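J.: Contents of query21.pdb (PDB, C-alpha atoms) are given next:
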ATOM      1  CA  SER A 209     -13.988  58.534  35.119
ATOM      2  CA  TRP A 210     -14.874  56.220  37.985
ATOM      3  CA  ALA A 211     -15.387  53.326  35.574
ATOM      4  CA  SER A 212     -12.001  53.886  33.947
ATOM      5  CA  LYS A 213     -10.229  53.839  37.323
ATOM      6  CA  GLU A 214     -12.060  50.782  38.585
ATOM      7  CA  LYS A 215     -11.629  48.625  35.503
ATOM      8  CA  LYS A 216      -7.828  48.848  35.833
ATOM      9  CA  LYS A 217      -8.075  47.034  39.160
ATOM     10  CA  MET A 218     -10.166  44.188  37.802
ATOM     11  CA  PRO A 219      -9.015  40.818  36.399
ATOM     12  CA  GLY A 220      -9.989  39.800  32.860
ATOM     13  CA  PHE A 221     -13.544  38.486  33.210
ATOM     14  CA  TRP A 222     -14.748  41.163  35.624
ATOM     15  CA  LYS A 223     -13.125  43.866  33.535
ATOM     16  CA  ALA A 224     -15.172  42.620  30.591
ATOM     17  CA  ARG A 225     -18.226  42.568  32.846
ATOM     18  CA  MET A 226     -17.763  46.219  33.813
ATOM     19  CA  LEU A 227     -17.285  47.248  30.196
ATOM     20  CA  CYS A 228     -20.668  45.692  29.428
ATOM     21  CA  ASP A 229     -22.348  47.562  32.284
ATOM     22  CA  PRO A 230     -19.840  50.012  33.847
ATOM     23  CA  PHE A 231     -22.092  51.213  36.657
ATOM     24  CA  GLY A 232     -23.433  47.801  37.656
ATOM     25  CA  LYS A 233     -27.028  48.926  37.224
ATOM     26  CA  ASP A 234     -28.162  45.915  35.232
ATOM     27  CA  LYS A 235     -26.585  42.877  36.818
ATOM     28  CA  VAL A 236     -28.854  40.448  34.984
ATOM     29  CA  LYS A 237     -27.776  41.774  31.604
ATOM     30  CA  THR A 238     -24.149  41.858  32.662
ATOM     31  CA  GLU A 239     -24.190  38.272  33.923
ATOM     32  CA  PHE A 240     -25.925  37.196  30.706
ATOM     33  CA  TYR A 241     -23.254  38.797  28.513
ATOM     34  CA  GLY A 242     -20.550  37.249  30.638
ATOM     35  CA  LEU A 243     -22.052  33.781  30.399
ATOM     36  CA  VAL A 244     -22.515  34.137  26.651
ATOM     37  CA  ALA A 245     -18.862  35.120  26.279
ATOM     38  CA  ILE A 246     -17.711  32.181  28.393
ATOM     39  CA  SER A 247     -19.972  29.790  26.457
ATOM     40  CA  LEU A 248     -18.596  30.985  23.123
ATOM     41  CA  ILE A 249     -15.013  30.652  24.307
ATOM     42  CA  ALA A 250     -15.694  27.185  25.739
ATOM     43  CA  SER A 251     -17.397  26.081  22.514
ATOM     44  CA  PHE A 252     -14.513  27.335  20.392
ATOM     45  CA  SER A 253     -11.989  25.639  22.677
ATOM     46  CA  ALA A 254     -13.895  22.367  22.510
ATOM     47  CA  VAL A 255     -14.037  22.476  18.715
ATOM     48  CA  SER A 256     -10.330  23.309  18.505
ATOM     49  CA  TYR A 257      -9.511  20.503  20.929
ATOM     50  CA  MET A 258     -11.521  17.951  18.971
ATOM     51  CA  ALA A 259      -9.961  19.116  15.714
ATOM     52  CA  GLY A 260      -6.548  18.690  17.282
ATOM     53  CA  LEU A 261      -7.439  15.176  18.397
ATOM     54  CA  LEU A 262      -8.598  14.349  14.879
ATOM     55  CA  VAL A 263      -5.374  15.605  13.341
ATOM     56  CA  ASN A 264      -3.236  13.776  15.885
ATOM     57  CA  PHE A 265      -5.260  10.610  15.524
ATOM     58  CA  ALA A 266      -5.155  10.895  11.763
ATOM     59  CA  GLY A 267      -1.428  11.329  11.841
ATOM     60  CA  SER A 268      -0.797   8.313  14.040
ATOM     61  CA  GLU A 269      -0.328   4.856  12.590
ATOM     62  CA  GLN A 270      -2.103   1.925  14.166
ATOM     63  CA  LEU A 271      -0.102  -1.203  14.857
ATOM     64  CA  PHE A 272      -3.021  -3.619  14.558
ATOM     65  CA  VAL A 273      -3.248  -4.039  10.786
ATOM     66  CA  ASN A 274      -5.330  -6.649   9.038
ATOM     67  CA  HIS A 275      -3.644  -7.101   5.650
ATOM     68  CA  THR A 276      -5.016  -9.647   3.195
ATOM     69  CA  VAL A 277      -3.525 -10.452  -0.202
ATOM     70  CA  GLU A 278      -5.155 -12.238  -3.130
ATOM     71  CA  LYS A 279      -4.238 -12.897  -6.729
ATOM     72  CA  PHE A 280      -5.868 -10.395  -9.069
ATOM     73  CA  GLN A 281      -4.866 -10.940 -12.687
ATOM     74  CA  GLY A 282      -1.542 -11.808 -14.247
ATOM     75  CA  ASP A 283       1.235 -10.759 -11.890
ATOM     76  CA  LEU A 284      -0.962  -8.308 -10.020
ATOM     77  CA  GLU A 285      -1.940  -8.855  -6.386
ATOM     78  CA  SER A 286      -4.989  -7.380  -4.697
ATOM     79  CA  HIS A 287      -4.426  -5.994  -1.180
ATOM     80  CA  GLN A 288      -6.962  -5.062   1.493
ATOM     81  CA  LEU A 289      -5.530  -3.110   4.393
ATOM     82  CA  ASP A 290      -7.112  -1.694   7.558
ATOM     83  CA  PHE A 291      -6.322   1.856   8.589
ATOM     84  CA  GLN A 292      -7.766   4.677  10.699
ATOM     85  CA  TYR A 293     -10.741   5.492   8.500
ATOM     86  CA  GLY A 294     -11.751   2.103   7.174
ATOM     87  CA  LYS A 295     -10.011   0.000   4.533
ATOM     88  CA  ILE A 296      -7.515   0.629   1.770
ATOM     89  CA  HIS A 297      -7.580  -1.457  -1.377
ATOM     90  CA  TYR A 298      -4.672  -1.410  -3.781
ATOM     91  CA  LEU A 299      -3.159  -3.488  -6.567
ATOM     92  CA  SER A 300       0.549  -4.153  -6.671
ATOM     93  CA  HIS A 301       3.318  -5.969  -8.456
ATOM     94  CA  ARG A 302       6.648  -6.390  -6.698
ATOM     95  CA  ARG A 303       9.962  -6.792  -8.469
ATOM     96  CA  SER A 304      12.737  -8.335  -6.409
ATOM     97  CA  ASP A 305      15.356  -7.016  -8.839
ATOM     98  CA  SER A 306      14.447  -3.322  -8.398
ATOM     99  CA  ASN A 307      14.748  -0.829  -5.538
ATOM    100  CA  VAL A 308      12.146   1.457  -7.139
ATOM    101  CA  HIS A 309       8.597   1.658  -5.774
ATOM    102  CA  LEU A 310       6.004   3.516  -7.826
ATOM    103  CA  PHE A 311       2.735   4.712  -6.252
ATOM    104  CA  ALA A 312      -0.030   5.752  -8.653
ATOM    105  CA  VAL A 313      -2.626   8.233  -7.372
ATOM    106  CA  HIS A 314      -5.799   8.666  -9.419
ATOM    107  CA  GLY A 315      -8.116  11.656  -9.954
ATOM    108  CA  PRO A 316     -11.367  12.820  -8.299
ATOM    109  CA  ASN A 317     -14.213  11.318 -10.350
ATOM    110  CA  MET A 318     -15.881   8.803  -8.000
ATOM    111  CA  THR A 319     -17.604   6.959 -10.856
ATOM    112  CA  THR A 320     -14.603   6.457 -13.143
ATOM    113  CA  GLN A 321     -11.478   6.834 -10.994
ATOM    114  CA  SER A 322      -9.944   3.982  -8.997
ATOM    115  CA  ALA A 323      -6.947   1.663  -9.113
ATOM    116  CA  SER A 324      -8.315   0.066 -12.280
ATOM    117  CA  HIS A 325      -7.832   3.383 -14.087
ATOM    118  CA  TRP A 326      -4.118   2.578 -14.300
ATOM    119  CA  ILE A 327      -4.426  -0.916 -15.817
ATOM    120  CA  PRO A 328      -3.430   0.337 -19.327
ATOM    121  CA  ASN A 329      -0.218   1.728 -17.792
ATOM    122  CA  CYS A 330       0.898  -1.369 -15.868
ATOM    123  CA  ALA A 331       3.449  -2.415 -18.493
ATOM    124  CA  LEU A 332       5.079   1.018 -18.227
ATOM    125  CA  PHE A 333       5.058   0.905 -14.428
ATOM    126  CA  ASP A 334       6.604  -2.578 -14.487
ATOM    127  CA  ARG A 335       9.543  -1.280 -16.523
ATOM    128  CA  ILE A 336      10.175   1.335 -13.827
ATOM    129  CA  GLY A 337      10.017  -1.019 -10.817
ATOM    130  CA  SER A 338       7.610  -2.403  -8.233
ATOM    131  CA  PHE A 339       4.308  -0.544  -8.402
ATOM    132  CA  HIS A 340       1.277   0.003  -6.216
ATOM    133  CA  ILE A 341      -1.959   1.513  -7.560
ATOM    134  CA  LEU A 342      -4.490   2.633  -4.976
ATOM    135  CA  ASP A 343      -8.215   2.933  -4.592
ATOM    136  CA  LEU A 344      -8.138   6.121  -2.547
ATOM    137  CA  PRO A 345     -10.649   6.258   0.359
ATOM    138  CA  GLY A 346     -14.169   6.582  -1.006
ATOM    139  CA  PHE A 347     -13.172   5.219  -4.425
ATOM    140  CA  GLY A 348     -13.308   1.719  -5.867
ATOM    141  CA  GLU A 349     -13.059  -0.898  -3.126
ATOM    142  CA  SER A 350     -11.811   1.455  -0.389
ATOM    143  CA  PRO A 351     -14.878   2.316   1.731
ATOM    144  CA  ILE A 352     -14.883   5.467   3.835
ATOM    145  CA  ASP A 353     -17.168   6.861   6.513
ATOM    146  CA  ARG A 354     -19.596   9.273   4.855
ATOM    147  CA  GLY A 355     -18.743  11.964   7.386
ATOM    148  CA  LEU A 356     -15.127  12.057   6.157
ATOM    149  CA  GLN A 357     -15.935  12.581   2.487
ATOM    150  CA  SER A 358     -15.644  16.343   2.988
ATOM    151  CA  ILE A 359     -11.854  16.089   3.529
ATOM    152  CA  PRO A 360     -10.843  13.635   0.767
ATOM    153  CA  SER A 361      -7.317  14.996   0.232
ATOM    154  CA  THR A 362      -6.402  14.672   3.914
ATOM    155  CA  VAL A 363      -7.832  11.178   4.331
ATOM    156  CA  SER A 364      -6.247  10.055   1.039
ATOM    157  CA  ALA A 365      -2.851  11.389   2.129
ATOM    158  CA  HIS A 366      -3.056   9.294   5.308
ATOM    159  CA  ALA A 367      -4.071   6.258   3.235
ATOM    160  CA  LEU A 368      -1.114   6.766   0.895
ATOM    161  CA  HIS A 369       1.246   7.048   3.843
ATOM    162  CA  ARG A 370      -0.239   3.896   5.425
ATOM    163  CA  THR A 371       0.319   1.994   2.160
ATOM    164  CA  MET A 372       3.909   3.218   1.886
ATOM    165  CA  MET A 373       4.562   2.078   5.446
ATOM    166  CA  GLU A 374       3.078  -1.333   4.733
ATOM    167  CA  GLU A 375       5.303  -1.718   1.662
ATOM    168  CA  GLY A 376       8.387  -0.913   3.735
ATOM    169  CA  VAL A 377       9.587   2.084   1.742
ATOM    170  CA  LEU A 378       9.514   4.575   4.643
ATOM    171  CA  SER A 379      12.093   2.720   6.708
ATOM    172  CA  ASP A 380      14.542   1.905   3.890
ATOM    173  CA  PRO A 381      16.607   4.878   2.619
ATOM    174  CA  THR A 382      17.922   2.803  -0.300
ATOM    175  CA  LYS A 383      14.486   2.739  -1.936
ATOM    176  CA  ARG A 384      13.616   5.114  -4.766
ATOM    177  CA  ILE A 385      10.026   6.350  -4.713
ATOM    178  CA  VAL A 386       8.105   7.580  -7.747
ATOM    179  CA  PHE A 387       4.668   9.155  -7.388
ATOM    180  CA  VAL A 388       2.559   9.148 -10.542
ATOM    181  CA  ALA A 389      -0.394  11.430  -9.851
ATOM    182  CA  ARG A 390      -3.085  12.636 -12.210
ATOM    183  CA  SER A 391      -5.290  15.717 -11.786
ATOM    184  CA  TRP A 392      -6.476  15.990  -8.152
ATOM    185  CA  GLY A 393      -4.091  13.177  -7.219
ATOM    186  CA  ALA A 394      -1.322  15.805  -7.237
ATOM    187  CA  GLU A 395      -3.121  17.562  -4.363
ATOM    188  CA  VAL A 396      -3.147  14.288  -2.420
ATOM    189  CA  VAL A 397       0.631  14.003  -2.852
ATOM    190  CA  MET A 398       1.152  17.607  -1.712
ATOM    191  CA  MET A 399      -1.034  16.905   1.315
ATOM    192  CA  LEU A 400       1.123  13.844   2.036
ATOM    193  CA  PHE A 401       4.206  16.089   2.094
ATOM    194  CA  ARG A 402       2.460  18.576   4.367
ATOM    195  CA  ARG A 403       1.213  15.975   6.856
ATOM    196  CA  TYR A 404       4.371  13.851   6.733
ATOM    197  CA  PRO A 405       7.260  16.197   5.850
ATOM    198  CA  GLU A 406       9.775  13.469   6.706
ATOM    199  CA  VAL A 407       8.758  11.756   3.441
ATOM    200  CA  LEU A 408      10.564  14.560   1.610
ATOM    201  CA  ASP A 409      13.847  13.298   3.058
ATOM    202  CA  LEU A 410      13.523  10.138   0.959
ATOM    203  CA  ASN A 411      14.649   9.649  -2.636
ATOM    204  CA  ILE A 412      11.531  10.943  -4.413
ATOM    205  CA  GLN A 413      10.545  11.797  -7.974
ATOM    206  CA  LEU A 414       7.158  12.748  -9.369
ATOM    207  CA  VAL A 415       5.262  12.325 -12.610
ATOM    208  CA  LEU A 416       2.283  14.704 -12.673
ATOM    209  CA  ILE A 417      -0.420  14.393 -15.336
ATOM    210  CA  SER A 418      -2.693  17.389 -15.957
ATOM    211  CA  PRO A 419      -2.157  18.184 -12.265
ATOM    212  CA  THR A 420      -4.336  20.363 -10.066
ATOM    213  CA  PRO A 421      -2.317  20.653  -6.865
ATOM    214  CA  ASN A 422      -3.464  23.088  -4.211
ATOM    215  CA  LEU A 423      -0.416  25.330  -4.075
ATOM    216  CA  LYS A 424      -1.512  26.581  -0.644
ATOM    217  CA  LEU A 425      -0.505  23.157   0.663
ATOM    218  CA  ILE A 426       3.114  23.993  -0.116
ATOM    219  CA  ALA A 427       3.746  25.399   3.346
ATOM    220  CA  PRO A 428       6.884  27.492   4.015
ATOM    221  CA  PHE A 429       8.498  24.739   6.096
ATOM    222  CA  ILE A 430       8.490  22.321   3.135
ATOM    223  CA  LYS A 431       8.739  24.764   0.230
ATOM    224  CA  ASP A 432      12.517  24.454  -0.244
ATOM    225  CA  LYS A 433      12.405  20.644  -0.167
ATOM    226  CA  ILE A 434       9.614  20.569  -2.745
ATOM    227  CA  ARG A 435      11.527  22.961  -4.994
ATOM    228  CA  ALA A 436      14.469  20.548  -4.843
ATOM    229  CA  LEU A 437      12.398  17.642  -6.225
ATOM    230  CA  SER A 438      12.786  16.535  -9.825
ATOM    231  CA  GLY A 439      10.058  15.152 -12.003
ATOM    232  CA  LEU A 440       7.960  15.333 -15.128
ATOM    233  CA  ILE A 441       4.723  17.163 -15.965
ATOM    234  CA  VAL A 442       2.635  15.847 -18.872
ATOM    235  CA  TRP A 443      -0.249  17.956 -20.162
ATOM    236  CA  GLY A 444      -2.555  18.032 -23.152
ATOM    237  CA  GLU A 445      -2.125  21.331 -24.986
ATOM    238  CA  ARG A 446      -5.899  21.795 -25.261
ATOM    239  CA  ASP A 447      -6.869  20.132 -21.987
ATOM    240  CA  SER A 448     -10.632  20.579 -21.713
ATOM    241  CA  VAL A 449     -10.598  20.655 -17.875
ATOM    242  CA  ILE A 450      -7.445  22.493 -16.731
ATOM    243  CA  PRO A 451      -5.612  24.775 -19.206
ATOM    244  CA  SER A 452      -2.089  23.617 -19.936
ATOM    245  CA  GLY A 453      -0.890  27.190 -19.381
ATOM    246  CA  PHE A 454      -1.084  26.419 -15.657
ATOM    247  CA  SER A 455       2.140  24.476 -16.154
ATOM    248  CA  ARG A 456       4.011  27.797 -16.216
ATOM    249  CA  VAL A 457       2.687  28.562 -12.734
ATOM    250  CA  LEU A 458       3.742  25.139 -11.477
ATOM    251  CA  ARG A 459       7.247  25.556 -12.842
ATOM    252  CA  ARG A 460       7.783  28.455 -10.431
ATOM    253  CA  PHE A 461       7.190  26.028  -7.562
ATOM    254  CA  LEU A 462       8.792  23.010  -9.250
ATOM    255  CA  PRO A 463      11.767  24.479 -11.160
ATOM    256  CA  LYS A 464      13.531  21.114 -11.647
ATOM    257  CA  PHE A 465      10.594  19.499 -13.445
ATOM    258  CA  ASP A 466      10.562  18.775 -17.161
ATOM    259  CA  VAL A 467       7.330  19.754 -18.916
ATOM    260  CA  TYR A 468       5.941  17.884 -21.924
ATOM    261  CA  ILE A 469       2.973  19.480 -23.677
ATOM    262  CA  LEU A 470       1.072  17.136 -25.988
ATOM    263  CA  LYS A 471       0.417  19.240 -29.076
ATOM    264  CA  GLY A 472      -3.196  19.387 -30.174
ATOM    265  CA  VAL A 473      -4.381  16.997 -27.434
ATOM    266  CA  SER A 474      -7.551  17.980 -25.549
ATOM    267  CA  SER A 475      -7.689  14.969 -23.203
ATOM    268  CA  HIS A 476      -7.436  15.531 -19.456
ATOM    269  CA  GLN A 477      -6.237  11.936 -19.022
ATOM    270  CA  PRO A 478      -3.665  11.277 -21.768
ATOM    271  CA  GLU A 479      -2.218   8.353 -19.788
ATOM    272  CA  THR A 480      -5.261   6.243 -20.715
ATOM    273  CA  ASP A 481      -6.479   7.971 -23.896
ATOM    274  CA  LEU A 482      -2.970   7.852 -25.388
ATOM    275  CA  PRO A 483      -1.206   5.133 -23.354
ATOM    276  CA  GLY A 484       1.462   4.431 -25.984
ATOM    277  CA  THR A 485       2.434   8.090 -26.306
ATOM    278  CA  PHE A 486       2.395   8.528 -22.558
ATOM    279  CA  ALA A 487       4.586   5.420 -22.069
ATOM    280  CA  ARG A 488       7.126   6.705 -24.596
ATOM    281  CA  ILE A 489       7.347  10.137 -22.925
ATOM    282  CA  VAL A 490       7.746   8.730 -19.411
ATOM    283  CA  SER A 491      10.208   6.022 -20.524
ATOM    284  CA  GLU A 492      12.440   8.540 -22.251
ATOM    285  CA  TRP A 493      12.402  10.774 -19.194
ATOM    286  CA  TRP A 494      13.066   7.842 -16.833
ATOM    287  CA  GLU A 495      16.076   6.654 -18.814
ATOM    288  CA  GLN A 496      17.724  10.033 -18.133
ATOM    289  CA  GLN A 497      17.259   9.810 -14.364
TER     290      GLN A 497
END
Would you mind writing the file's structure down as C-alpha cells?
T.:
Amino acid sequence: SWASKEKKKMPGFWKARMLCDPFGKDKVKTEFYGLVAISLIASFSAVSYMAGLLVNFAGSEQLFVNHTVEKFQGDLESHQLDFQYGKIHYLSHRRSDSNVHLFAVHGPNMTTQSASHWIPNCALFDRIGSFHILDLPGFGESPIDRGLQSIPSTVSAHALHRTMMEEGVLSDPTKRIVFVARSWGAEVVMMLFRRYPEVLDLNIQLVLISPTPNLKLIAPFIKDKIRALSGLIVWGERDSVIPSGFSRVLRRFLPKFDVYILKGVSSHQPETDLPGTFARIVSEWWEQQ
C-alpha cells in the first residue's frame, strides 16, 4: 500500500506519526499522539537519570566527615558520624592486640532493634576482636530522611560501608572482618556485597542468626565469591517468625557455612534470649577458624 511504501522512507518519529494516522487526515490527533509519546519517553528518561544520580551519589563516599567520639559505658565508645543520608551512630571497642574487626547488624523492628540490642553479646564480641555495633539509619540514634525509609536495606548498606571505611578495614588487607547479622540484617550485608563487590575480596566471615537475606541480591557477578565465604548459621528449631527449614535453602547458596539448629527453641533472637548458649556456639565455631 501507499502507506507501507512511504513509512519505509521516514525516520523514527515520523514513521510512528504515520502509523498513528497513515493518510495524514487528522493532523491534530497525530501531533497529539506524537507529543504524548515524546513526553512519556522524556519522563521515563528523566526518572532513570535521577535514579542513576541517586545510585552514583549513594555509592560515593564524602571526604568531609564530622566524626565525634564519646565514652559510653565500660570500654565502649559512642561514635557519631556524618554520611550521605544523615548521621550514623555506633558503639565500638577497639583491641590493639587483634586484627579482627566484627560488625554487628541488627534486625528490622524500629522499636526494639538498635545497637543496644547487642549489649548482652559484647563479652563474646570482645573475645573475637575489635567490634562495632551499629544503629542502622532510621534506628536508635541514627536519624534518616523520611523519604529514604522506603529503601532501608540500600541506605543501611551504604552506612555499613561508611563505618567500615572510617574504621580503616577497607584499606588494610591484613584485617579479618566478621559480620554478625540477625534476621533482616543479613539482607543488609548482602546488599553491601552487591553495592560494593570489592568488599568480597577482603578476608570475610559471617555469623547469621535466623537470617532473612533476599537471595535475589546475590547477583551473578558476585555469586561465586559469596559461595566461597565461610561462616555460621544459628537458628531456633521452632523459630516463630522464619522457619528453620529455610536453612536448607541457604546452604545451597552458602555451602561452606556450618548450621547450628537450637533444638526446641522458638525464639527468633536466640543471641539475646539465650546469650550464654549463643556465646558457646559461636566461640566453639570461632576456635576452629
J.: Sorted by chain and rising residue number, list the residues of stretch 346-376 of chain A at most 12 Å from stretch 277-291 of chain A (counting all atoms listed in the file), each with its closest atom pair and distance in Å to one decimal, as a tab-separated table.
T.:
residue	atom	partner	partner_atom	distance
A:Gly348	CA	A:Gln288	CA	11.9
A:Glu349	CA	A:Gln288	CA	8.7
A:Ser350	CA	A:Gln288	CA	8.3
A:Pro351	CA	A:Asp290	CA	10.5
A:Ile352	CA	A:Phe291	CA	10.4
A:Val363	CA	A:Phe291	CA	10.4
A:Ser364	CA	A:Phe291	CA	11.1
A:His366	CA	A:Phe291	CA	8.8
A:Ala367	CA	A:Phe291	CA	7.3
A:Leu368	CA	A:Phe291	CA	10.5
A:His369	CA	A:Phe291	CA	10.3
A:Arg370	CA	A:Phe291	CA	7.2
A:Thr371	CA	A:Leu289	CA	8.1
A:Met372	CA	A:Leu289	CA	11.6
A:Met373	CA	A:Phe291	CA	11.3
A:Glu374	CA	A:Leu289	CA	8.8
A:Glu375	CA	A:His287	CA	11.0
J.: Produce a file of the selected residues containing C-alpha atoms, as a compact mmCIF listing (two decimals), in the frame of the given file.
T.:
# COMPACT_ATOMS: atom_id res chain seq x y z
CA GLY A 348 -13.31 1.72 -5.87
CA GLU A 349 -13.06 -0.90 -3.13
CA SER A 350 -11.81 1.46 -0.39
CA PRO A 351 -14.88 2.32 1.73
CA ILE A 352 -14.88 5.47 3.84
CA VAL A 363 -7.83 11.18 4.33
CA SER A 364 -6.25 10.06 1.04
CA HIS A 366 -3.06 9.29 5.31
CA ALA A 367 -4.07 6.26 3.24
CA LEU A 368 -1.11 6.77 0.90
CA HIS A 369 1.25 7.05 3.84
CA ARG A 370 -0.24 3.90 5.42
CA THR A 371 0.32 1.99 2.16
CA MET A 372 3.91 3.22 1.89
CA MET A 373 4.56 2.08 5.45
CA GLU A 374 3.08 -1.33 4.73
CA GLU A 375 5.30 -1.72 1.66
J.: Starting from the PyMOL selection byres ((chain A and resi 452) around 12), expand the selection into actual residues of this file and give them as a ChimeraX atom specification.
T.: /A:391,417-420,441-451,453-459,467-476
J.: Mind telling me what the PyMOL selection byres ((chain A and resi 315-320) around 12) catches here, as a PyMOL selection string?
T.: chain A and resi 312-314+321-326+342-351+357+360-361+364+388-397+416-421+476-477+479
J.: Looking at all atoms listed in the file, which of A:Phe401, A:Phe333, A:Phe486, A:Trp494 is the one that sits closest to A:His309?
T.: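 When distances to A:His309 are compared using all atoms listed in the file, the smallest one comes from A:Phe333.
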J.: Of the candidates A:Leu414, A:Arg384, A:Ala487, A:Leu400, which shows the shortest atom-to-atom distance to A:Arg335, using only C-alpha atoms?
T.: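 The closest residue to A:Arg335 is A:Ala487.
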J.: Pull out every residue that the PyMOL selection byres ((chain A and resi 381) around 12) matches in the shown coordinates and put them as a ChimeraX atom specification.
T.: /A:307-308,376-380,382-385,406-412
J.: Would you save the residues of that selection, restricted to C-alpha atoms, as a PDB file, in the frame of the given file?
T.:
ATOM      1  CA  ASN A 307      14.748  -0.829  -5.538  1.00  0.00           C
ATOM      2  CA  VAL A 308      12.146   1.457  -7.139  1.00  0.00           C
ATOM      3  CA  GLY A 376       8.387  -0.913   3.735  1.00  0.00           C
ATOM      4  CA  VAL A 377       9.587   2.084   1.742  1.00  0.00           C
ATOM      5  CA  LEU A 378       9.514   4.575   4.643  1.00  0.00           C
ATOM      6  CA  SER A 379      12.093   2.720   6.708  1.00  0.00           C
ATOM      7  CA  ASP A 380      14.542   1.905   3.890  1.00  0.00           C
ATOM      8  CA  THR A 382      17.922   2.803  -0.300  1.00  0.00           C
ATOM      9  CA  LYS A 383      14.486   2.739  -1.936  1.00  0.00           C
ATOM     10  CA  ARG A 384      13.616   5.114  -4.766  1.00  0.00           C
ATOM     11  CA  ILE A 385      10.026   6.350  -4.713  1.00  0.00           C
ATOM     12  CA  GLU A 406       9.775  13.469   6.706  1.00  0.00           C
ATOM     13  CA  VAL A 407       8.758  11.756   3.441  1.00  0.00           C
ATOM     14  CA  LEU A 408      10.564  14.560   1.610  1.00  0.00           C
ATOM     15  CA  ASP A 409      13.847  13.298   3.058  1.00  0.00           C
ATOM     16  CA  LEU A 410      13.523  10.138   0.959  1.00  0.00           C
ATOM     17  CA  ASN A 411      14.649   9.649  -2.636  1.00  0.00           C
ATOM     18  CA  ILE A 412      11.531  10.943  -4.413  1.00  0.00           C
TER      19      ILE A 412
END
J.: Just to confirm, what's the straight-line distance from atom CA of A:Thr480 to atom CA of A:Leu462 in Å (one decimal)?
T.: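 Result for atom CA of A:Thr480 versus atom CA of A:Leu462: 24.7 Å, one decimal.
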J.: Provide the atom CA of A:Ile430 to atom CA of A:Gln497 distance in Å, to one decimal place.
T.: 23.2 Å
J.: For atom CA of A:Thr485 and atom CA of A:Phe311, quote the distance in Å rounded to one decimal.
T.: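 Interatomic distance, atom CA of A:Thr485 to atom CA of A:Phe311: 20.3 Å.
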